[in-house]
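What follows is work03.txt (compact mmCIF, C-alpha atoms and all ligand atoms).
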```txt
# COMPACT_ATOMS: atom_id res chain seq x y z
CA MET A 109 0.00 0.00 0.00
CA LYS A 110 2.81 2.41 0.79
CA ARG A 111 4.82 1.82 -2.36
CA LEU A 112 2.16 1.50 -5.01
CA PRO A 113 1.03 5.16 -5.12
CA ILE A 114 4.62 6.37 -5.58
CA PHE A 115 5.11 3.89 -8.38
CA LEU A 116 1.86 5.01 -10.00
CA ALA A 117 2.75 8.67 -9.57
CA LEU A 118 6.03 8.09 -11.39
CA LEU A 119 4.23 6.28 -14.19
CA THR A 120 1.60 8.99 -14.66
CA SER A 121 4.08 11.85 -14.48
CA PHE A 122 6.08 10.08 -17.17
CA ALA A 123 2.96 9.61 -19.30
CA PHE A 124 1.96 13.26 -18.96
CA ALA A 125 5.45 14.58 -19.51
CA GLN A 126 4.77 14.44 -23.26
CA THR A 127 1.74 16.75 -23.18
CA ALA A 128 1.67 20.02 -21.29
CA PRO A 129 -1.38 20.53 -19.02
CA LYS A 130 -4.28 22.44 -20.51
CA VAL A 131 -4.31 26.21 -20.09
CA THR A 132 -7.62 28.05 -19.71
CA TYR A 133 -8.33 31.74 -19.30
CA ILE A 134 -11.55 33.03 -17.78
CA TRP A 135 -12.45 36.67 -18.26
CA CYS A 136 -14.59 37.72 -15.32
CA GLY A 137 -16.62 40.95 -15.42
CA SER A 138 -16.09 41.05 -11.68
CA LEU A 139 -14.76 38.58 -9.15
CA TYR A 140 -15.07 37.88 -5.45
CA ASP A 141 -11.95 35.98 -4.45
CA GLY A 142 -13.33 34.81 -1.10
CA LYS A 143 -10.59 36.60 0.83
CA HIS A 144 -11.86 40.17 0.41
CA ASP A 145 -15.40 41.44 0.77
CA ALA A 146 -15.09 43.81 -2.21
CA ALA A 147 -15.21 42.62 -5.82
CA GLN A 148 -12.41 43.20 -8.31
CA LYS A 149 -13.53 44.44 -11.73
CA ASN A 150 -12.34 42.92 -15.03
CA VAL A 151 -10.20 40.06 -13.82
CA THR A 152 -8.55 37.25 -15.76
CA VAL A 153 -8.11 33.89 -14.08
CA ARG A 154 -5.40 31.72 -15.64
CA ILE A 155 -5.87 28.01 -15.03
CA VAL A 156 -3.24 25.35 -15.67
CA GLY A 157 -4.55 21.80 -15.44
CA ASP A 158 -6.82 21.60 -12.39
CA LYS A 159 -5.30 24.54 -10.49
CA ILE A 160 -5.49 28.32 -10.55
CA ASP A 161 -2.21 29.75 -11.79
CA SER A 162 -2.99 33.44 -11.41
CA VAL A 163 -5.77 35.93 -10.73
CA ALA A 164 -4.84 39.24 -12.30
CA PRO A 165 -6.23 42.43 -13.83
CA ASN A 166 -7.59 41.77 -17.28
CA THR A 167 -4.88 40.74 -19.73
CA LYS A 168 -7.10 39.71 -22.64
CA SER A 169 -4.32 40.35 -25.15
CA ALA A 170 -1.71 38.21 -23.39
CA GLU A 171 -3.26 34.76 -23.77
CA GLU A 172 -0.96 32.21 -25.32
CA LYS A 173 -1.74 30.16 -28.42
CA GLY A 174 -3.72 26.98 -27.85
CA ALA A 175 -5.23 28.16 -24.61
CA GLU A 176 -8.99 28.04 -24.17
CA VAL A 177 -10.71 31.33 -23.39
CA ILE A 178 -14.02 31.48 -21.52
CA ASP A 179 -15.74 34.83 -21.71
CA LEU A 180 -17.59 35.65 -18.49
CA SER A 181 -17.13 39.39 -18.90
CA HIS A 182 -20.85 39.91 -18.18
CA GLU A 183 -20.76 37.63 -15.14
CA VAL A 184 -19.68 37.73 -11.50
CA CYS A 185 -17.14 35.00 -10.65
CA LEU A 186 -17.01 33.39 -7.21
CA PRO A 187 -15.22 30.50 -5.51
CA GLY A 188 -17.06 27.20 -5.94
CA LEU A 189 -19.71 26.97 -3.22
CA ILE A 190 -19.49 24.46 -0.36
CA ASP A 191 -22.52 22.80 1.27
CA THR A 192 -21.39 21.20 4.53
CA HIS A 193 -24.62 19.30 5.24
CA THR A 194 -26.14 17.17 2.48
CA HIS A 195 -27.69 13.71 2.02
CA VAL A 196 -27.22 12.50 -1.55
CA LEU A 197 -28.79 9.13 -0.63
CA LEU A 198 -32.01 10.75 0.59
CA GLN A 199 -34.70 12.15 -1.73
CA GLY A 200 -36.78 14.26 0.65
CA ASP A 201 -38.40 13.16 3.91
CA ILE A 202 -40.98 15.70 4.99
CA THR A 203 -43.00 12.97 6.67
CA SER A 204 -41.86 9.73 8.26
CA GLU A 205 -43.76 7.92 5.48
CA ASP A 206 -41.47 9.53 2.86
CA TYR A 207 -38.54 8.24 4.85
CA ASP A 208 -39.83 4.73 5.45
CA VAL A 209 -40.59 4.18 1.76
CA GLN A 210 -36.96 4.86 0.87
CA LEU A 211 -35.65 2.37 3.42
CA LEU A 212 -38.34 -0.30 2.96
CA LYS A 213 -39.24 -0.21 -0.73
CA TRP A 214 -36.07 1.02 -2.41
CA SER A 215 -32.97 -1.16 -2.63
CA ILE A 216 -29.59 0.35 -1.82
CA PRO A 217 -28.49 -0.02 -5.48
CA TYR A 218 -31.59 1.93 -6.58
CA ARG A 219 -30.95 4.61 -3.94
CA THR A 220 -27.32 4.82 -5.04
CA ILE A 221 -28.35 5.41 -8.66
CA LEU A 222 -30.55 8.29 -7.47
CA GLY A 223 -27.66 9.44 -5.27
CA THR A 224 -25.45 9.90 -8.32
CA VAL A 225 -28.14 12.17 -9.78
CA SER A 226 -28.23 14.17 -6.53
CA ALA A 227 -24.45 14.59 -6.69
CA ARG A 228 -24.74 15.90 -10.24
CA ARG A 229 -27.47 18.30 -9.14
CA ALA A 230 -25.24 19.65 -6.35
CA LEU A 231 -22.57 20.43 -8.91
CA ASP A 232 -25.07 22.05 -11.28
CA TYR A 233 -26.28 24.34 -8.47
CA GLY A 234 -22.67 25.52 -8.02
CA PHE A 235 -21.68 23.38 -5.03
CA THR A 236 -18.28 22.09 -6.08
CA THR A 237 -17.67 20.55 -2.64
CA ILE A 238 -20.10 18.92 -0.23
CA ARG A 239 -19.90 17.21 3.12
CA ASP A 240 -22.46 14.42 2.95
CA LEU A 241 -23.65 13.69 6.48
CA GLU A 242 -24.82 10.10 6.38
CA THR A 243 -26.64 7.74 4.07
CA GLU A 244 -29.82 7.05 6.10
CA GLY A 245 -29.74 3.30 5.87
CA ALA A 246 -27.76 3.01 2.64
CA GLY A 247 -24.60 1.70 4.31
CA TYR A 248 -21.41 3.13 2.83
CA ALA A 249 -22.90 3.92 -0.59
CA ASP A 250 -21.62 7.50 -0.13
CA VAL A 251 -18.06 6.18 -0.05
CA ASP A 252 -18.73 4.54 -3.42
CA ILE A 253 -20.33 7.64 -4.97
CA LYS A 254 -17.33 9.67 -3.83
CA LYS A 255 -15.03 7.05 -5.35
CA ALA A 256 -16.90 7.11 -8.69
CA ILE A 257 -16.61 10.93 -8.80
CA ASN A 258 -12.91 10.92 -7.90
CA ASN A 259 -12.22 8.27 -10.53
CA GLY A 260 -13.95 10.40 -13.16
CA ALA A 261 -16.67 7.81 -13.78
CA ILE A 262 -19.51 10.24 -12.97
CA PRO A 263 -19.73 14.02 -12.56
CA GLY A 264 -20.12 15.38 -9.05
CA PRO A 265 -18.67 17.62 -6.37
CA ARG A 266 -15.68 16.94 -4.15
CA MET A 267 -17.08 14.93 -1.26
CA GLN A 268 -16.36 14.26 2.37
CA VAL A 269 -18.64 11.50 3.63
CA ALA A 270 -19.96 10.14 6.93
CA GLY A 271 -21.27 6.68 6.03
CA ARG A 272 -23.85 5.23 8.39
CA ALA A 273 -23.84 7.64 11.38
CA MET A 274 -24.60 6.53 14.94
CA ASP A 275 -27.41 6.71 17.44
CA VAL A 276 -28.30 4.70 20.55
CA THR A 277 -30.56 1.65 20.39
CA GLY A 278 -34.18 2.44 19.68
CA ALA A 279 -33.81 6.18 19.12
CA TYR A 280 -33.68 6.49 15.34
CA PRO A 281 -36.08 5.53 12.53
CA ILE A 282 -37.36 3.22 11.32
CA VAL A 283 -39.56 3.05 14.44
CA GLY A 284 -43.22 2.59 15.25
CA TYR A 285 -43.95 -0.72 13.53
CA SER A 286 -44.87 -4.00 15.19
CA TRP A 287 -42.19 -5.20 17.60
CA GLU A 288 -42.30 -8.53 15.81
CA LEU A 289 -40.71 -7.05 12.69
CA LYS A 290 -36.99 -6.74 12.10
CA LEU A 291 -36.65 -3.47 10.18
CA PRO A 292 -33.69 -1.59 8.72
CA LYS A 293 -32.34 1.42 10.64
CA GLY A 294 -31.23 4.80 9.36
CA VAL A 295 -28.10 4.59 11.51
CA GLN A 296 -25.70 2.16 13.14
CA GLU A 297 -27.06 1.55 16.63
CA VAL A 298 -24.29 2.00 19.17
CA ASP A 299 -24.31 1.71 22.96
CA GLY A 300 -21.68 2.23 25.61
CA ALA A 301 -18.28 3.91 25.42
CA GLU A 302 -16.54 0.78 24.13
CA GLY A 303 -19.33 0.19 21.60
CA GLY A 304 -18.79 3.74 20.41
CA ARG A 305 -15.05 3.27 19.97
CA LYS A 306 -15.59 0.02 18.08
CA ALA A 307 -18.14 1.66 15.76
CA VAL A 308 -15.75 4.54 14.99
CA ARG A 309 -13.00 2.03 14.11
CA GLU A 310 -15.36 0.07 11.90
CA GLN A 311 -16.71 3.12 10.07
CA VAL A 312 -13.27 4.63 9.54
CA SER A 313 -12.02 1.33 8.15
CA ASN A 314 -14.92 1.41 5.67
CA GLY A 315 -13.80 4.75 4.31
CA VAL A 316 -15.70 7.55 6.06
CA ASP A 317 -14.12 10.98 6.42
CA TRP A 318 -16.47 12.09 9.18
CA ILE A 319 -18.22 10.45 12.10
CA LYS A 320 -21.80 11.64 12.56
CA VAL A 321 -23.74 11.18 15.78
CA TYR A 322 -27.35 11.96 16.63
CA SER A 323 -27.26 13.51 20.08
CA ASP A 324 -30.92 14.31 20.72
CA ARG A 325 -34.51 13.58 19.69
CA SER A 326 -38.15 14.17 20.73
CA TYR A 327 -38.24 17.96 20.80
CA TYR A 328 -40.69 20.03 22.81
CA VAL A 329 -40.98 23.68 23.70
CA ARG A 330 -40.97 24.30 27.45
CA PRO A 331 -43.27 26.93 28.97
CA ASP A 332 -40.23 29.23 29.30
CA GLY A 333 -39.68 29.00 25.52
CA ILE A 334 -36.58 26.80 25.63
CA LEU A 335 -36.47 23.91 23.16
CA ASP A 336 -35.90 20.78 25.22
CA ASP A 337 -35.16 17.25 24.07
CA VAL A 338 -34.40 13.70 25.06
CA PRO A 339 -30.61 13.29 24.87
CA THR A 340 -29.53 10.05 23.17
CA PHE A 341 -25.91 9.26 24.10
CA THR A 342 -24.68 9.82 27.63
CA LEU A 343 -21.88 12.33 28.00
CA ASP A 344 -19.46 9.45 28.66
CA GLU A 345 -20.50 7.71 25.46
CA LEU A 346 -20.13 10.90 23.43
CA LYS A 347 -16.73 11.66 24.94
CA ALA A 348 -15.49 8.18 24.01
CA ILE A 349 -16.76 8.52 20.42
CA VAL A 350 -15.20 11.99 20.06
CA ASP A 351 -11.91 10.83 21.57
CA GLU A 352 -11.70 7.79 19.30
CA THR A 353 -12.58 9.86 16.22
CA HIS A 354 -9.91 12.45 16.97
CA ARG A 355 -7.40 9.77 17.94
CA GLU A 356 -7.83 8.40 14.42
CA ARG A 357 -7.34 11.93 12.99
CA HIS A 358 -10.92 12.26 11.80
CA LYS A 359 -13.63 14.76 12.63
CA ILE A 360 -17.08 14.41 14.13
CA ALA A 361 -20.37 16.18 13.40
CA SER A 362 -23.23 16.08 15.86
CA HIS A 363 -26.89 16.36 15.00
CA ALA A 364 -27.90 18.43 18.01
CA ALA A 365 -31.03 20.53 17.79
CA ALA A 366 -31.90 21.38 21.36
CA LEU A 367 -30.82 22.01 24.95
CA ASN A 368 -29.22 18.75 26.13
CA GLY A 369 -28.04 17.40 22.80
CA VAL A 370 -26.14 20.59 22.07
CA HIS A 371 -24.74 20.90 25.57
CA ASN A 372 -23.45 17.31 25.68
CA SER A 373 -21.97 17.62 22.16
CA VAL A 374 -20.18 20.86 22.95
CA GLU A 375 -18.85 19.46 26.23
CA ALA A 376 -17.69 16.28 24.50
CA GLY A 377 -15.74 18.34 21.96
CA VAL A 378 -17.41 17.63 18.61
CA ASP A 379 -16.19 19.61 15.59
CA SER A 380 -19.58 20.82 14.38
CA ILE A 381 -23.08 21.27 15.73
CA GLU A 382 -25.70 20.45 13.10
CA HIS A 383 -29.05 22.31 13.17
CA GLY A 384 -28.66 23.83 16.66
CA MET A 385 -32.19 25.18 16.80
CA TYR A 386 -31.72 26.08 20.44
CA ILE A 387 -28.26 26.73 21.89
CA SER A 388 -27.86 28.33 25.31
CA ASP A 389 -25.68 31.44 25.61
CA ALA A 390 -23.25 29.49 27.80
CA ASP A 391 -22.86 26.80 25.12
CA LEU A 392 -22.36 29.47 22.44
CA GLN A 393 -19.48 30.83 24.54
CA THR A 394 -17.96 27.34 24.81
CA MET A 395 -18.28 26.94 21.04
CA VAL A 396 -16.37 30.18 20.52
CA ALA A 397 -13.70 29.06 22.98
CA HIS A 398 -13.36 25.57 21.40
CA GLY A 399 -13.67 26.77 17.81
CA THR A 400 -16.74 24.55 17.31
CA TYR A 401 -18.58 25.22 14.05
CA TYR A 402 -22.31 25.85 13.83
CA VAL A 403 -24.11 24.53 10.74
CA PRO A 404 -27.61 25.94 11.22
CA THR A 405 -29.53 24.47 8.20
CA LEU A 406 -32.24 27.13 8.36
CA PHE A 407 -34.12 26.59 5.10
CA VAL A 408 -35.01 22.95 5.70
CA GLY A 409 -36.74 23.88 8.97
CA GLU A 410 -39.04 26.33 7.23
CA TYR A 411 -39.57 23.92 4.38
CA VAL A 412 -40.51 20.82 6.40
CA ALA A 413 -42.45 22.70 9.10
CA GLU A 414 -45.73 22.91 7.22
CA GLY A 415 -45.72 19.29 6.11
CA ARG A 416 -44.80 18.03 9.56
CA ALA A 417 -47.29 20.34 11.31
CA ALA A 418 -50.01 18.96 9.03
CA THR A 419 -49.25 15.47 10.37
CA GLY A 420 -49.63 16.75 13.96
CA ALA A 421 -46.07 17.80 14.83
CA LYS A 422 -46.71 21.50 15.51
CA VAL A 423 -43.40 21.81 17.35
CA TRP A 424 -41.68 22.17 13.94
CA VAL A 425 -43.50 25.47 13.39
CA ASP A 426 -42.58 26.80 16.86
CA MET A 427 -38.99 25.82 16.25
CA ILE A 428 -38.59 28.25 13.34
CA LYS A 429 -38.77 31.28 15.64
CA ILE A 430 -36.49 29.66 18.21
CA HIS A 431 -34.01 28.82 15.44
CA GLU A 432 -33.94 32.40 14.17
CA ASP A 433 -33.26 33.71 17.67
CA THR A 434 -30.42 31.19 18.16
CA PHE A 435 -28.88 32.10 14.80
CA ARG A 436 -28.90 35.79 15.69
CA ARG A 437 -27.31 35.11 19.10
CA ALA A 438 -24.65 32.85 17.55
CA LEU A 439 -23.80 35.53 15.00
CA LYS A 440 -23.47 38.15 17.72
CA ALA A 441 -21.37 35.84 19.91
CA GLY A 442 -18.90 35.28 17.07
CA VAL A 443 -19.45 31.53 16.58
CA LYS A 444 -17.99 30.19 13.32
CA ILE A 445 -21.01 29.57 11.10
CA ALA A 446 -20.60 27.23 8.12
CA PHE A 447 -23.12 26.96 5.31
CA GLY A 448 -25.15 23.73 5.29
CA THR A 449 -28.61 22.94 4.03
CA ASP A 450 -29.67 19.35 4.80
CA VAL A 451 -30.67 18.96 1.15
CA GLY A 452 -31.96 15.43 0.72
CA GLY A 453 -34.11 16.16 3.77
CA PHE A 454 -35.90 18.26 1.15
CA ASP A 455 -36.10 17.43 -2.53
CA TRP A 456 -32.90 17.77 -4.56
CA LYS A 457 -34.95 19.49 -7.28
CA ILE A 458 -35.01 22.55 -4.96
CA ASP A 459 -31.86 24.68 -5.13
CA PRO A 460 -30.19 24.48 -1.68
CA ALA A 461 -28.81 27.99 -2.29
CA LYS A 462 -32.15 29.23 -0.95
CA GLU A 463 -30.39 28.95 2.42
CA PHE A 464 -28.39 32.13 1.68
CA ALA A 465 -31.46 34.39 1.59
CA ILE A 466 -32.61 33.12 4.99
CA MET A 467 -29.17 33.67 6.52
CA VAL A 468 -29.36 37.27 5.32
CA LYS A 469 -32.97 37.62 6.50
CA TYR A 470 -31.77 36.51 9.95
CA GLY A 471 -29.02 39.11 10.17
CA MET A 472 -25.94 38.12 8.17
CA THR A 473 -24.55 40.52 5.59
CA PRO A 474 -24.43 39.02 2.07
CA ALA A 475 -20.63 38.95 2.42
CA GLN A 476 -20.88 36.95 5.65
CA ALA A 477 -23.33 34.52 4.04
CA LEU A 478 -20.99 33.98 1.07
CA ARG A 479 -18.01 33.50 3.38
CA SER A 480 -19.92 30.80 5.31
CA ALA A 481 -20.10 28.77 2.08
CA THR A 482 -16.53 29.43 0.93
CA VAL A 483 -13.65 30.19 3.32
CA THR A 484 -15.39 29.17 6.56
CA ALA A 485 -16.75 25.94 5.07
CA SER A 486 -13.32 25.07 3.64
CA GLU A 487 -11.84 25.46 7.13
CA LEU A 488 -14.46 23.17 8.66
CA LEU A 489 -13.47 20.58 6.05
CA GLY A 490 -9.76 21.16 6.67
CA MET A 491 -9.43 22.01 2.95
CA GLN A 492 -8.58 25.71 3.28
CA ASP A 493 -5.30 25.19 1.38
CA LYS A 494 -7.13 23.68 -1.61
CA ILE A 495 -10.58 25.34 -1.95
CA GLY A 496 -12.70 28.20 -0.62
CA SER A 497 -10.99 31.12 -2.37
CA LEU A 498 -9.75 32.05 -5.81
CA GLU A 499 -5.98 32.38 -5.64
CA ALA A 500 -2.90 30.85 -7.19
CA GLY A 501 -2.31 27.24 -6.20
CA LYS A 502 -5.89 26.39 -5.30
CA PHE A 503 -8.16 24.06 -7.26
CA ALA A 504 -9.88 25.81 -10.15
CA ASP A 505 -13.34 25.51 -8.57
CA ILE A 506 -15.08 28.56 -9.97
CA VAL A 507 -18.75 29.49 -10.38
CA ALA A 508 -20.45 32.53 -11.85
CA VAL A 509 -23.78 34.32 -11.46
CA PRO A 510 -25.43 36.93 -13.72
CA ALA A 511 -25.40 39.85 -11.24
CA ASP A 512 -23.81 41.02 -7.99
CA PRO A 513 -24.83 38.72 -5.09
CA MET A 514 -23.78 41.39 -2.59
CA ALA A 515 -26.64 43.54 -3.92
CA ASP A 516 -29.04 40.60 -4.26
CA ILE A 517 -28.10 37.43 -2.39
CA GLN A 518 -30.64 35.39 -4.38
CA GLN A 519 -28.31 35.65 -7.37
CA LEU A 520 -26.64 32.61 -5.78
CA GLU A 521 -29.76 30.65 -6.80
CA HIS A 522 -28.87 31.45 -10.41
CA VAL A 523 -25.42 29.94 -10.85
CA ASN A 524 -24.92 29.60 -14.62
CA PHE A 525 -21.25 28.64 -14.84
CA VAL A 526 -19.58 25.82 -12.94
CA MET A 527 -15.97 24.72 -13.18
CA LYS A 528 -14.50 22.08 -10.89
CA GLY A 529 -10.81 21.27 -11.04
CA GLY A 530 -10.45 23.11 -14.35
CA ILE A 531 -13.28 21.18 -16.03
CA VAL A 532 -16.43 23.06 -17.08
CA TYR A 533 -19.74 21.41 -16.11
CA VAL A 534 -22.19 24.29 -16.66
CA LYS A 535 -21.88 27.18 -19.12
CA PRO A 536 -24.06 30.28 -19.56
ZN ZN B 601 -29.12 16.01 7.92
```

Taking this structure as input, can you express it in the form of structure tokens?
Amino acid sequence: MKRLPIFLALLTSFAFAQTAPKVTYIWCGSLYDGKHDAAQKNVTVRIVGDKIDSVAPNTKSAEEKGAEVIDLSHEVCLPGLIDTHTHVLLQGDITSEDYDVQLLKWSIPYRTILGTVSARRALDYGFTTIRDLETEGAGYADVDIKKAINNGAIPGPRMQVAGRAMDVTGAYPIVGYSWELKLPKGVQEVDGAEGGRKAVREQVSNGVDWIKVYSDRSYYVRPDGILDDVPTFTLDELKAIVDETHRERHKIASHAAALNGVHNSVEAGVDSIEHGMYISDADLQTMVAHGTYYVPTLFVGEYVAEGRAATGAKVWVDMIKIHEDTFRRALKAGVKIAFGTDVGGFDWKIDPAKEFAIMVKYGMTPAQALRSATVTASELLGMQDKIGSLEAGKFADIVAVPADPMADIQQLEHVNFVMKGGIVYVKP
């Protein structure tokens, strides 16, 4: 295993020595590089192979022979967007029935085929990198989709994947059927500190980048307005899972929507809090101190609320207001907020970039919202040296929109040019 890649690298570098890497120039009418809040006007991006070689004032006359030129002089160029909370193996689950059908009636091969379409959709929307946070009963099919993309077999974004995720026995769907039936589960059921360590080892050996835990369930609004929950793992269990994950040099995301789930996750030292509909001020302070990321997934809450309220779960409607308040407090406290949508929880035919407008509605500037999906998200993924901004040496992951998103954030729902690693997938 150690020697083969070096041998292969020598072979491929020999093979490519004959042909110089492709050179592409993009003329951008304006460009946000991800590092500065202000746009630069009339910029030329020179791309060699899959990397950015230079970002410079327009040099239209200086392009060398044989280079491809892409004219985006009427467009606004941006770093490829990053969605840090997706589910390519899930095709919308507003109600538990939607969810159960996918686990009970659809085979994992069928779900994986649909998953490849979801991955392509992510790319078409302008998300050149995603963190896919568990397959909901489809095993490690995300590892395979990632592999197929990386091998060039299918188009899709760069992916970090979480495989099966973990919850304690009996806490996660599928639930509610006759006790006589043996039904599939949306997670790996894990109990006890040692069980947690074993599950981390198993999942890492099967190729996951991230560990995902579900830290709470059964939400209810207390009379004092605080969103309470039933915590799943004990603090000792969570600490063991976090410790084992970090010991193996991986990261851990925690689905934690309410009081106890968030508190236990923050105390245990997870790397990101997913959803965080209610987070106490004290926990926000700990998140700032620990550098814990907050991935709020605002849009999905508004989207599923009506459907879930119609089936009797009114708490989802109350949670929208609580979520907005938490987001505003987190922003004020200086918590690192990374863009994530939970797409898959809602239909992939809906552009997840709708999240941006809600972030702005809840108090972010457009520049802050864009940063959450570029530089900040790249840092959460540990990929800040490779993606998240447009500068020499980074992957040529570039998208464009028709007009200035700082004036109208919804422009990000109209991505009409997508390049990933120097290859164009969408053109105006
Ligand atoms: Zn999710």

Contacts of ligand ZN 601 (chain B), 8 Å or closer, all atoms listed in the file, given as a list in words: His193, Thr194, His195, Leu241, Glu242, His363, Glu382, Thr449, Asp450, Val451, Gly452 and Gly453 of chain A

For Val507 of chain A, which of A:Val443, A:Val523, A:Ile160, A:Ile221 is the closest residue, counting all atoms listed in the file?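 So, comparing all the options, the nearest one is A:Val523.
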
May I ask which of the residues A:Val251, A:Leu291, A:Met274, A:Ala227 is the closest one to Leu211 of chain A, counting all atoms listed in the file?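 That would be A:Leu291, the residue with the smallest distance to Leu211 of chain A.
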
Of A:Val308, A:Ile202, A:Leu439, A:Val329, the one nearest to Met427 of chain A when counting only C-alpha atoms is A:Val329

What is the distance, in Å and to one decimal place, between atom CA of Val295 of chain A and atom CA of Glu244 of chain A?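 Atom CA of Val295 of chain A sits 6.2 Å away from atom CA of Glu244 of chain A.
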
May I ask which of the residues A:Leu478, A:Cys136, A:Met385, A:Val151 is the closest one to Pro513 of chain A, counting all atoms listed in the file? A:Leu478

May I have a table of the residues of segment 196-250 of chain A lying at most 12 Å from segment 415-424 of chain A, giving each one's closest pair of atoms and their distance in Å to one decimal, counting only C-alpha atoms, ordered by chain and ascending residue number, as JSON lines?
```
{"residue": "A:Gly200", "atom": "CA", "partner": "A:Gly415", "partner_atom": "CA", "distance": 11.6}
{"residue": "A:Asp201", "atom": "CA", "partner": "A:Gly415", "partner_atom": "CA", "distance": 9.8}
{"residue": "A:Ile202", "atom": "CA", "partner": "A:Gly415", "partner_atom": "CA", "distance": 6.1}
{"residue": "A:Thr203", "atom": "CA", "partner": "A:Arg416", "partner_atom": "CA", "distance": 6.1}
{"residue": "A:Ser204", "atom": "CA", "partner": "A:Arg416", "partner_atom": "CA", "distance": 8.9}
{"residue": "A:Glu205", "atom": "CA", "partner": "A:Thr419", "partner_atom": "CA", "distance": 10.5}
{"residue": "A:Asp206", "atom": "CA", "partner": "A:Gly415", "partner_atom": "CA", "distance": 11.1}
```

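With only C-alpha atoms as the atoms that count, the residue of A:Ala261, A:Ile134, A:Pro331, A:Ile238 with the shortest distance to Met491 of chain A is A:Ile238.
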